[in-house]
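**Student:** Structure file work_4.csv, CSV, C-alpha atoms and all ligand atoms, is pasted below:
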chain,number,residue,atom,x,y,z
A,1,THR,CA,27.6,-15.0,-11.0
A,2,TYR,CA,24.4,-13.7,-12.5
A,3,LEU,CA,22.9,-13.5,-15.9
A,4,CYS,CA,23.3,-10.2,-17.8
A,5,LEU,CA,21.7,-9.6,-21.2
A,6,THR,CA,22.6,-6.5,-23.3
A,7,GLY,CA,20.1,-5.1,-25.7
A,8,LEU,CA,20.8,-3.3,-29.0
A,9,ASN,CA,20.2,0.1,-27.5
A,10,GLY,CA,22.7,-0.6,-24.6
A,11,LEU,CA,20.1,-1.5,-22.1
A,12,ASN,CA,21.3,-4.1,-19.6
A,13,TRP,CA,19.0,-6.6,-18.1
A,14,TYR,CA,20.4,-8.4,-14.9
A,15,ARG,CA,19.0,-11.4,-13.3
A,16,PRO,CA,20.7,-11.9,-9.9
A,17,LEU,CA,19.8,-14.9,-7.7
A,18,LYS,CA,21.2,-13.5,-4.4
A,19,LEU,CA,20.2,-10.5,-2.4
A,20,GLN,CA,23.8,-9.3,-2.1
A,21,HIS,CA,24.1,-9.3,-5.8
A,22,VAL,CA,21.0,-7.0,-6.1
A,23,LEU,CA,22.6,-4.6,-3.6
A,24,ASP,CA,25.9,-4.7,-5.4
A,25,LEU,CA,24.2,-4.0,-8.7
A,26,LYS,CA,22.2,-1.2,-7.2
A,27,ALA,CA,25.5,0.4,-5.8
A,28,ARG,CA,27.0,0.2,-9.3
A,29,HIS,CA,23.9,1.5,-11.1
A,30,PRO,CA,22.1,3.8,-8.7
A,31,ASP,CA,19.5,4.7,-11.4
A,32,ALA,CA,18.7,1.0,-12.2
A,33,LYS,CA,15.0,0.0,-12.0
A,34,LEU,CA,14.1,-3.1,-10.1
A,35,VAL,CA,11.6,-5.3,-11.9
A,36,VAL,CA,9.2,-8.0,-10.7
A,37,GLY,CA,5.9,-7.9,-12.7
A,38,ASN,CA,7.0,-5.1,-15.0
A,39,THR,CA,3.5,-3.7,-14.9
A,40,GLU,CA,4.7,-0.2,-14.0
A,41,VAL,CA,8.2,-0.2,-15.6
A,42,GLY,CA,6.8,-1.7,-18.8
A,43,ILE,CA,4.2,1.0,-19.1
A,44,GLU,CA,6.8,3.7,-18.4
A,45,MET,CA,9.1,2.4,-21.1
A,46,ARG,CA,6.6,1.6,-23.8
A,47,LEU,CA,4.0,4.3,-23.4
A,48,LYS,CA,5.8,7.1,-21.6
A,49,ARG,CA,9.0,6.5,-23.5
A,50,MET,CA,11.2,6.6,-20.4
A,51,GLU,CA,14.7,5.3,-21.1
A,52,TYR,CA,16.3,3.2,-18.5
A,53,ARG,CA,19.9,1.9,-18.9
A,54,ALA,CA,19.7,-1.0,-16.4
A,55,LEU,CA,16.9,-3.3,-15.2
A,56,ILE,CA,17.4,-5.7,-12.3
A,57,TYR,CA,15.0,-8.6,-12.2
A,58,ILE,CA,14.5,-9.5,-8.5
A,59,ALA,CA,11.7,-12.0,-8.7
A,60,HIS,CA,14.1,-14.9,-7.9
A,61,ILE,CA,15.6,-13.5,-4.7
A,62,PRO,CA,14.6,-15.9,-1.9
A,63,GLU,CA,14.6,-13.2,0.9
A,64,LEU,CA,12.3,-11.0,-1.1
A,65,ASN,CA,9.8,-13.8,-1.7
A,66,GLN,CA,9.5,-14.8,2.0
A,67,LEU,CA,6.2,-14.9,3.8
A,68,SER,CA,6.4,-15.6,7.5
A,69,LEU,CA,4.2,-15.3,10.5
A,70,ASN,CA,5.1,-14.6,14.2
A,71,ASP,CA,3.3,-13.6,17.3
A,72,GLU,CA,3.2,-9.9,16.3
A,73,GLY,CA,2.2,-10.2,12.7
A,74,MET,CA,3.2,-11.2,9.2
A,75,GLU,CA,6.3,-10.4,7.2
A,76,ILE,CA,5.7,-10.2,3.5
A,77,GLY,CA,8.7,-10.1,1.1
A,78,ALA,CA,8.7,-7.1,-1.4
A,79,ALA,CA,8.7,-9.4,-4.5
A,80,VAL,CA,5.6,-11.4,-3.3
A,81,LYS,CA,2.9,-11.3,-6.0
A,82,LEU,CA,-0.5,-10.0,-5.2
A,83,SER,CA,-2.2,-13.4,-6.0
A,84,GLU,CA,0.2,-15.2,-3.7
A,85,LEU,CA,-0.4,-12.6,-0.9
A,86,MET,CA,-4.1,-13.0,-1.4
A,87,LYS,CA,-3.9,-16.8,-0.9
A,88,VAL,CA,-1.8,-16.5,2.2
A,89,LEU,CA,-4.1,-13.8,3.7
A,90,GLN,CA,-7.1,-16.1,3.1
A,91,THR,CA,-5.4,-19.1,4.8
A,92,VAL,CA,-4.2,-16.9,7.8
A,93,SER,CA,-7.7,-15.4,8.2
A,94,GLY,CA,-9.2,-18.8,8.5
A,95,LYS,CA,-6.7,-19.9,11.2
A,96,ARG,CA,-6.1,-17.0,13.5
A,97,PRO,CA,-8.6,-15.4,15.9
A,98,LEU,CA,-11.0,-13.3,13.9
A,99,TYR,CA,-10.1,-10.0,15.5
A,100,GLU,CA,-6.4,-10.4,14.7
A,101,THR,CA,-7.1,-10.5,10.9
A,102,SER,CA,-9.2,-7.4,10.3
A,103,SER,CA,-6.4,-5.9,8.3
A,104,CYS,CA,-5.9,-9.2,6.4
A,105,ARG,CA,-9.5,-9.2,5.4
A,106,ALA,CA,-9.5,-5.6,4.3
A,107,LEU,CA,-6.4,-6.4,2.1
A,108,ILE,CA,-8.1,-9.4,0.6
A,109,GLU,CA,-11.1,-7.3,-0.4
A,110,GLN,CA,-8.9,-4.6,-1.9
A,111,ILE,CA,-6.8,-7.0,-3.8
A,112,LYS,CA,-10.0,-8.6,-5.3
A,113,TRP,CA,-10.6,-5.3,-7.1
A,114,PHE,CA,-7.0,-4.6,-7.9
A,115,ALA,CA,-6.5,-4.8,-11.7
A,116,GLY,CA,-7.3,-8.2,-13.3
A,117,THR,CA,-6.1,-11.7,-12.8
A,118,GLN,CA,-3.1,-11.5,-15.1
A,119,ILE,CA,-1.7,-8.3,-13.4
A,120,ARG,CA,-2.4,-9.7,-9.9
A,121,ASN,CA,-0.4,-12.9,-10.9
A,122,ALA,CA,2.6,-10.8,-12.0
A,123,ALA,CA,2.6,-7.6,-10.0
A,124,SER,CA,4.4,-7.4,-6.7
A,125,ILE,CA,3.6,-5.6,-3.5
A,126,GLY,CA,7.0,-3.9,-3.5
A,127,GLY,CA,6.5,-2.6,-7.1
A,128,ASN,CA,3.2,-1.0,-6.0
A,129,ILE,CA,4.7,0.6,-2.8
A,130,CYS,CA,7.9,1.9,-4.4
A,131,THR,CA,6.1,3.3,-7.5
A,132,ALA,CA,4.3,5.5,-4.9
A,133,SER,CA,1.3,6.2,-7.2
A,134,PRO,CA,-1.1,8.7,-5.5
A,135,ILE,CA,-3.9,6.3,-6.5
A,136,SER,CA,-2.3,3.0,-5.3
A,137,ASP,CA,-5.0,0.8,-3.9
A,138,LEU,CA,-2.8,-0.7,-1.2
A,139,ASN,CA,-0.8,2.2,0.1
A,140,PRO,CA,-3.6,3.9,2.1
A,141,LEU,CA,-4.4,0.5,3.6
A,142,TRP,CA,-0.8,-0.3,4.6
A,143,MET,CA,-0.8,3.2,6.3
A,144,ALA,CA,-4.1,2.7,8.1
A,145,ALA,CA,-3.2,-0.8,9.2
A,146,GLY,CA,0.0,0.5,10.9
A,147,ALA,CA,2.3,-1.6,8.6
A,148,LYS,CA,6.1,-1.0,8.6
A,149,PHE,CA,8.3,-1.1,5.6
A,150,CYS,CA,11.7,-2.9,6.1
A,151,ILE,CA,14.4,-1.2,3.9
A,152,ILE,CA,17.8,-2.7,3.3
A,153,ASP,CA,20.9,-0.8,2.2
A,154,GLY,CA,24.0,-1.8,0.3
A,155,LYS,CA,25.8,-3.2,3.4
A,156,GLY,CA,22.8,-5.4,4.3
A,157,ASN,CA,21.6,-3.2,7.2
A,158,ILE,CA,17.8,-3.2,7.6
A,159,ARG,CA,15.9,-0.2,8.9
A,160,THR,CA,12.2,0.1,9.3
A,161,CYS,CA,9.9,3.0,8.4
A,162,LEU,CA,6.3,3.3,9.3
A,163,ALA,CA,4.2,3.1,6.1
A,164,GLU,CA,2.5,6.3,7.4
A,165,LYS,CA,5.9,8.2,7.1
A,166,PHE,CA,7.2,6.6,3.9
A,167,PHE,CA,5.5,8.7,1.2
A,168,LEU,CA,7.2,12.1,1.0
A,169,GLY,CA,5.9,13.7,-2.2
A,170,TYR,CA,4.6,12.9,-5.7
A,171,ARG,CA,6.2,9.5,-6.4
A,172,LYS,CA,8.9,10.3,-3.8
A,173,VAL,CA,9.6,7.9,-1.0
A,174,ASP,CA,11.9,7.7,2.0
A,175,MET,CA,14.5,5.5,0.4
A,176,ALA,CA,18.0,6.3,-0.9
A,177,SER,CA,19.2,5.1,-4.3
A,178,SER,CA,21.4,2.5,-2.6
A,179,GLU,CA,18.4,1.1,-0.7
A,180,ILE,CA,15.7,-1.3,-1.7
A,181,LEU,CA,12.4,-2.4,-0.1
A,182,HIS,CA,13.0,-5.8,1.6
A,183,SER,CA,9.6,-6.6,3.1
A,184,VAL,CA,6.4,-5.3,4.7
A,185,PHE,CA,5.5,-6.0,8.3
A,186,LEU,CA,1.8,-6.2,8.9
A,187,PRO,CA,0.8,-6.3,12.6
A,188,TRP,CA,-2.1,-8.5,13.8
A,189,ASN,CA,-5.0,-6.4,15.0
A,190,LYS,CA,-5.8,-6.0,18.6
A,191,GLN,CA,-9.2,-7.0,20.1
A,192,TYR,CA,-11.8,-4.3,19.3
A,193,GLU,CA,-9.7,-3.0,16.4
A,194,PHE,CA,-11.4,-2.7,13.0
A,195,VAL,CA,-9.9,-2.1,9.6
A,196,LYS,CA,-11.8,-1.5,6.4
A,197,GLU,CA,-10.9,-0.8,2.7
A,198,PHE,CA,-12.7,1.4,0.2
A,199,LYS,CA,-12.4,1.9,-3.5
A,200,GLN,CA,-14.6,3.8,-6.0
A,201,ALA,CA,-13.8,3.4,-9.7
A,202,HIS,CA,-15.8,3.9,-12.9
A,203,ARG,CA,-16.1,0.1,-13.3
A,204,ARG,CA,-15.9,-2.4,-10.5
A,205,ASP,CA,-13.6,-4.8,-12.3
A,206,ASP,CA,-10.1,-4.0,-13.5
A,207,ASP,CA,-10.2,-0.2,-13.2
A,208,ILE,CA,-8.1,2.5,-11.5
A,209,ALA,CA,-9.8,4.1,-8.5
A,210,ILE,CA,-11.2,7.6,-8.5
A,211,VAL,CA,-10.8,7.7,-4.7
A,212,ASN,CA,-9.8,4.9,-2.3
A,213,ALA,CA,-9.2,4.7,1.4
A,214,GLY,CA,-8.0,2.6,4.3
A,215,MET,CA,-9.6,3.2,7.8
A,216,ARG,CA,-8.9,1.8,11.2
A,217,VAL,CA,-10.4,2.4,14.7
A,218,LEU,CA,-9.4,0.9,18.0
A,219,PHE,CA,-11.7,0.9,21.1
A,220,GLU,CA,-10.9,0.5,24.7
A,221,GLN,CA,-13.4,0.1,27.6
A,222,ARG,CA,-13.3,2.9,30.2
A,223,ASP,CA,-15.8,2.4,33.0
A,224,THR,CA,-18.8,1.3,31.1
A,225,LYS,CA,-18.1,3.2,28.0
A,226,TRP,CA,-16.3,2.1,24.7
A,227,VAL,CA,-13.9,4.9,23.9
A,228,ILE,CA,-11.8,5.4,20.7
A,229,SER,CA,-8.2,5.0,21.7
A,230,ASP,CA,-6.6,5.2,18.2
A,231,ALA,CA,-7.7,5.7,14.6
A,232,SER,CA,-6.3,6.2,11.1
A,233,ILE,CA,-8.3,7.5,8.2
A,234,VAL,CA,-6.2,7.5,5.0
A,235,TYR,CA,-7.3,8.5,1.4
A,236,GLY,CA,-5.8,7.8,-2.0
A,237,GLY,CA,-6.6,9.9,-5.1
A,238,VAL,CA,-7.0,13.2,-3.3
A,239,ALA,CA,-3.4,14.5,-3.1
A,240,PRO,CA,0.1,13.8,-4.5
A,241,VAL,CA,0.6,11.3,-1.7
A,242,PRO,CA,-1.9,9.1,0.2
A,243,LEU,CA,-3.4,11.6,2.6
A,244,PHE,CA,-3.6,10.8,6.4
A,245,ALA,CA,-6.5,12.7,8.0
A,246,TYR,CA,-4.6,13.8,11.2
A,247,LYS,CA,-7.1,16.3,12.4
A,248,THR,CA,-9.8,13.7,12.2
A,249,LYS,CA,-7.7,11.2,14.0
A,250,LEU,CA,-7.1,13.6,16.9
A,251,PHE,CA,-10.7,14.6,16.9
A,252,LEU,CA,-11.9,10.9,17.2
A,253,ILE,CA,-9.5,9.8,20.0
A,254,GLY,CA,-11.1,9.8,23.4
A,255,LYS,CA,-14.7,10.0,22.1
A,256,THR,CA,-17.4,7.4,21.9
A,257,TRP,CA,-18.8,6.0,18.6
A,258,SER,CA,-22.1,7.7,18.1
A,259,LYS,CA,-24.2,9.3,15.4
A,260,GLU,CA,-23.3,12.8,16.8
A,261,LEU,CA,-19.6,11.9,16.6
A,262,MET,CA,-20.0,10.8,13.0
A,263,GLN,CA,-21.7,14.0,12.0
A,264,ASP,CA,-19.0,16.1,13.8
A,265,ALA,CA,-16.2,14.0,12.3
A,266,LEU,CA,-17.6,14.7,8.8
A,267,GLU,CA,-17.1,18.4,9.5
A,268,VAL,CA,-13.5,17.9,10.6
A,269,LEU,CA,-12.8,15.6,7.6
A,270,GLN,CA,-13.7,18.5,5.3
A,271,GLU,CA,-11.0,20.6,6.9
A,272,ASP,CA,-8.5,17.7,6.6
A,273,ILE,CA,-9.2,16.8,3.0
A,274,VAL,CA,-8.9,19.9,0.9
A,275,LEU,CA,-9.3,19.5,-2.8
A,276,LYS,CA,-8.7,22.7,-4.8
A,277,GLU,CA,-11.1,23.5,-7.7
A,278,ASN,CA,-8.3,22.9,-10.2
A,279,ALA,CA,-6.9,19.8,-8.5
A,280,PRO,CA,-5.3,17.3,-10.9
A,281,GLY,CA,-7.8,14.5,-11.8
A,282,GLY,CA,-10.9,16.8,-11.9
A,283,MET,CA,-14.3,15.6,-10.6
A,284,VAL,CA,-13.5,17.6,-7.5
A,285,GLU,CA,-17.1,17.7,-6.1
A,286,PHE,CA,-17.5,13.9,-6.7
A,287,ARG,CA,-14.2,13.1,-5.1
A,288,LYS,CA,-15.0,15.3,-2.0
A,289,SER,CA,-18.3,13.6,-1.6
A,290,LEU,CA,-16.6,10.2,-1.9
A,291,THR,CA,-14.2,11.0,1.0
A,292,LEU,CA,-17.2,11.8,3.2
A,293,SER,CA,-19.3,8.9,2.1
A,294,PHE,CA,-16.5,6.4,2.7
A,295,PHE,CA,-16.3,7.6,6.3
A,296,PHE,CA,-20.0,7.3,6.6
A,297,LYS,CA,-19.9,3.7,5.4
A,298,PHE,CA,-17.1,3.0,7.8
A,299,PHE,CA,-19.1,4.4,10.6
A,300,LEU,CA,-22.0,2.1,9.8
A,301,TRP,CA,-19.8,-0.9,9.3
A,302,VAL,CA,-18.1,-0.4,12.7
A,303,CYS,CA,-21.5,0.0,14.4
A,304,HIS,CA,-22.5,-3.3,13.0
A,305,HIS,CA,-19.4,-5.0,14.3
A,306,ILE,CA,-19.3,-3.6,17.8
A,307,ASP,CA,-22.9,-4.5,18.5
A,401,LIG,P1,7.4,-3.2,-11.5
A,401,LIG,O1,6.9,-2.5,-12.8
A,401,LIG,O2,8.2,-4.5,-11.7
A,401,LIG,O3,8.3,-2.2,-10.7
A,401,LIG,C1,7.7,-0.9,-10.3
A,401,LIG,C2,8.7,0.0,-9.6
A,401,LIG,O4,8.9,-0.4,-8.3
A,401,LIG,C3,10.0,0.2,-10.3
A,401,LIG,O5,10.3,1.6,-10.3
A,401,LIG,C4,11.0,-0.5,-9.4
A,401,LIG,O6,12.3,0.1,-9.4
A,401,LIG,C5,10.3,-0.4,-8.0
A,401,LIG,N1,10.6,-1.5,-7.2
A,401,LIG,C6,10.0,-2.8,-7.3
A,401,LIG,N2,10.4,-3.6,-6.3
A,401,LIG,C7,11.2,-2.8,-5.5
A,401,LIG,C8,11.9,-3.1,-4.3
A,401,LIG,N3,11.9,-4.3,-3.7
A,401,LIG,N4,12.6,-2.0,-3.7
A,401,LIG,C9,12.7,-0.8,-4.3
A,401,LIG,N5,12.0,-0.5,-5.5
A,401,LIG,C10,11.3,-1.5,-6.0
A,401,LIG,N6,-2.3,-0.4,-9.2
A,401,LIG,C11,-3.2,-0.3,-8.2
A,401,LIG,O7,-2.9,0.1,-7.1
A,401,LIG,N7,-4.5,-0.7,-8.4
A,401,LIG,C12,-5.0,-1.2,-9.6
A,401,LIG,O8,-6.2,-1.5,-9.7
A,401,LIG,C13,-4.0,-1.3,-10.7
A,401,LIG,N8,-4.4,-1.8,-11.9
A,401,LIG,C14,-3.5,-1.8,-12.9
A,401,LIG,C15,-4.0,-2.3,-14.2
A,401,LIG,C16,-3.1,-2.4,-15.2
A,401,LIG,C17,-3.6,-2.9,-16.5
A,401,LIG,C18,-1.7,-2.1,-15.0
A,401,LIG,C19,-0.7,-2.2,-16.2
A,401,LIG,C20,-1.3,-1.6,-13.8
A,401,LIG,C21,-2.2,-1.5,-12.7
A,401,LIG,N9,-1.8,-1.0,-11.5
A,401,LIG,C22,-2.7,-0.9,-10.4
A,401,LIG,C23,-0.3,-0.7,-11.2
A,401,LIG,C24,0.6,-1.8,-11.0
A,401,LIG,O9,0.1,-3.0,-11.5
A,401,LIG,C25,1.0,-2.1,-9.5
A,401,LIG,O10,1.6,-0.9,-9.0
A,401,LIG,C26,2.0,-3.2,-9.3
A,401,LIG,O11,1.8,-3.7,-8.0
A,401,LIG,C27,3.4,-3.0,-9.6
A,401,LIG,O12,4.2,-4.1,-9.3
A,401,LIG,P2,5.3,-4.7,-10.4
A,401,LIG,O13,5.9,-5.9,-9.7
A,401,LIG,O14,4.6,-5.0,-11.7
A,401,LIG,O15,6.2,-3.5,-10.5
Please express the file's structure as structure tokens.

**Tutor:**
Amino acid sequence: TYLCLTGLNGLNWYRPLKLQHVLDLKARHPDAKLVVGNTEVGIEMRLKRMEYRALIYIAHIPELNQLSLNDEGMEIGAAVKLSELMKVLQTVSGKRPLYETSSCRALIEQIKWFAGTQIRNAASIGGNICTASPISDLNPLWMAAGAKFCIIDGKGNIRTCLAEKFFLGYRKVDMASSEILHSVFLPWNKQYEFVKEFKQAHRRDDDIAIVNAGMRVLFEQRDTKWVISDASIVYGGVAPVPLFAYKTKLFLIGKTWSKELMQDALEVLQEDIVLKENAPGGMVEFRKSLTLSFFFKFFLWVCHHID
């Protein structure tokens, strides 16, 4: 029913063509790695000498390659490649009302600086999410944008998990060994909602971030004032998981967007994002100042857009 190749060292490489076969294989080999672009698994096996007994190539599964739109948002199959997602996001951003695609445009900008062309052509969004790297360029953005992850189990049942709740610890996610990521649901933005991406790396092109972030703010009109009704500020590269600045979110809600607010929010952010002197990755002062300067940039960018 599906192709299986066995290597000299007993490694099995499976190439199922149906989703049910992936789930059956996963039930039989709970430790199996799923592979699409192999840009994470390949590095783990060749450079980190990790030994896997079973690899399941899922790039041909139709359900995992779907990209569909509805009134609420966009569903992106877990095996969709970054380049393909980029093209669809560009098309969608040209067609839908501008305000609805703020998250789409932030994703486009972030994918532009994600690795190089070859990696973007092979790497999948599911591979990036499930690897749960603390410095993933996209995970802070999925979280900030309010995306939901759709997870399927061996029986074919689908449950959803907010991206915000998915990352539990260092490379640990809310997914059992019998489950796989099916798709990502990205909601359209509301009117007066703004989403922006940030990434600072040593080089602009093809480099891993030092710190990255995804930020979102939603305004509503109360009397004559524009008040913040929701916000998410999420950083990558400052903790074992993408870090959601909850205190800052609570601080922002109910206030108006002003220079004073920005200054006070920077104080709260420093309580939210605590980097110890000996934090892995080093450059602690630089990383701290990046978290603040990203928020400052976001403040200015939003000012420009609500004018
Ligand atoms: P694979 O290696 O095929 O799989 C990765 C992991 O995800 C495996 O453990 C697999 O079991 C799991 N997995 C895959 N799909 C599913 C699923 N549907 N359900 C459950 N588990 C699943 N990352 C960044 O964020 N930013 C960068 O700028 C960046 N640059 C890079 C540059 C280079 C040179 C390289 C080699 C990597 C870079 N990466 C970067 C990391 C990597 O490219 C991404 O994380 C990529 O999206 C992984 O996708 P993949 O399809 O290649 O994953």

**Student:** Enumerate as a PyMOL selection string the residues within 8 Å of ligand LIG 401 (chain A), counting only C-alpha atoms and all ligand atoms.

**Tutor:** chain A and resi 32-43+57-58+64+78-79+81-82+113-116+119-120+122-131+133+135-139+151+179-183+206-209

**Student:** Can you list, as number ranges by chain, every protein, DNA or RNA residue that comes within 10 Å of segment 292-300 of chain A when you count all atoms listed in the file, leaving out same-chain residues fewer than 4 positions away?

**Tutor:** A: 194-200, 211-217, 233, 235, 257-259, 261-263, 265-267, 269-270, 273, 287-288, 304-305

**Student:** Which protein, DNA or RNA residues are at most 7 Å from (17.2, -9.0, -18.6) in the file's coordinates when you count all atoms listed in the file, listed as an NGL selection string?

**Tutor:** :A and (4-5 or 12-15 or 55 or 57)

**Student:** Restricting the calculation to all atoms listed in the file: of A:Ile158, A:Leu186, A:Ala239, A:Val234, which residue gets closest to Tyr170 of chain A?

**Tutor:**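 Among the listed residues, A:Ala239 lies closest to Tyr170 of chain A.
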
**Student:** Compile the contact shell of Tyr192 of chain A as a PyMOL selection string: residues with an atom at most 12 Å away, counting all atoms listed in the file, same-chain residues fewer than 3 positions apart removed.

**Tutor:** chain A and resi 98-102+188-189+195+216-221+226-231+302-303+305-307

**Student:** Go ahead and write the residues just picked, C-alpha atoms, as a PDB file, in the frame of the given file.

**Tutor:**
ATOM      1  CA  LEU A  98     -11.000 -13.300  13.900  1.00  0.00           C
ATOM      2  CA  TYR A  99     -10.100 -10.000  15.500  1.00  0.00           C
ATOM      3  CA  GLU A 100      -6.400 -10.400  14.700  1.00  0.00           C
ATOM      4  CA  THR A 101      -7.100 -10.500  10.900  1.00  0.00           C
ATOM      5  CA  SER A 102      -9.200  -7.400  10.300  1.00  0.00           C
ATOM      6  CA  TRP A 188      -2.100  -8.500  13.800  1.00  0.00           C
ATOM      7  CA  ASN A 189      -5.000  -6.400  15.000  1.00  0.00           C
ATOM      8  CA  VAL A 195      -9.900  -2.100   9.600  1.00  0.00           C
ATOM      9  CA  ARG A 216      -8.900   1.800  11.200  1.00  0.00           C
ATOM     10  CA  VAL A 217     -10.400   2.400  14.700  1.00  0.00           C
ATOM     11  CA  LEU A 218      -9.400   0.900  18.000  1.00  0.00           C
ATOM     12  CA  PHE A 219     -11.700   0.900  21.100  1.00  0.00           C
ATOM     13  CA  GLU A 220     -10.900   0.500  24.700  1.00  0.00           C
ATOM     14  CA  GLN A 221     -13.400   0.100  27.600  1.00  0.00           C
ATOM     15  CA  TRP A 226     -16.300   2.100  24.700  1.00  0.00           C
ATOM     16  CA  VAL A 227     -13.900   4.900  23.900  1.00  0.00           C
ATOM     17  CA  ILE A 228     -11.800   5.400  20.700  1.00  0.00           C
ATOM     18  CA  SER A 229      -8.200   5.000  21.700  1.00  0.00           C
ATOM     19  CA  ASP A 230      -6.600   5.200  18.200  1.00  0.00           C
ATOM     20  CA  ALA A 231      -7.700   5.700  14.600  1.00  0.00           C
ATOM     21  CA  VAL A 302     -18.100  -0.400  12.700  1.00  0.00           C
ATOM     22  CA  CYS A 303     -21.500   0.000  14.400  1.00  0.00           C
ATOM     23  CA  HIS A 305     -19.400  -5.000  14.300  1.00  0.00           C
ATOM     24  CA  ILE A 306     -19.300  -3.600  17.800  1.00  0.00           C
ATOM     25  CA  ASP A 307     -22.900  -4.500  18.500  1.00  0.00           C
TER      26      ASP A 307
END

**Student:** Please tell me which residues are no farther than 12 Å from (15.1, 6.0, 3.3) in the file, counting only C-alpha atoms, and write them as number ranges by chain.

**Tutor:** A: 130, 149-153, 157-163, 165-168, 172-181
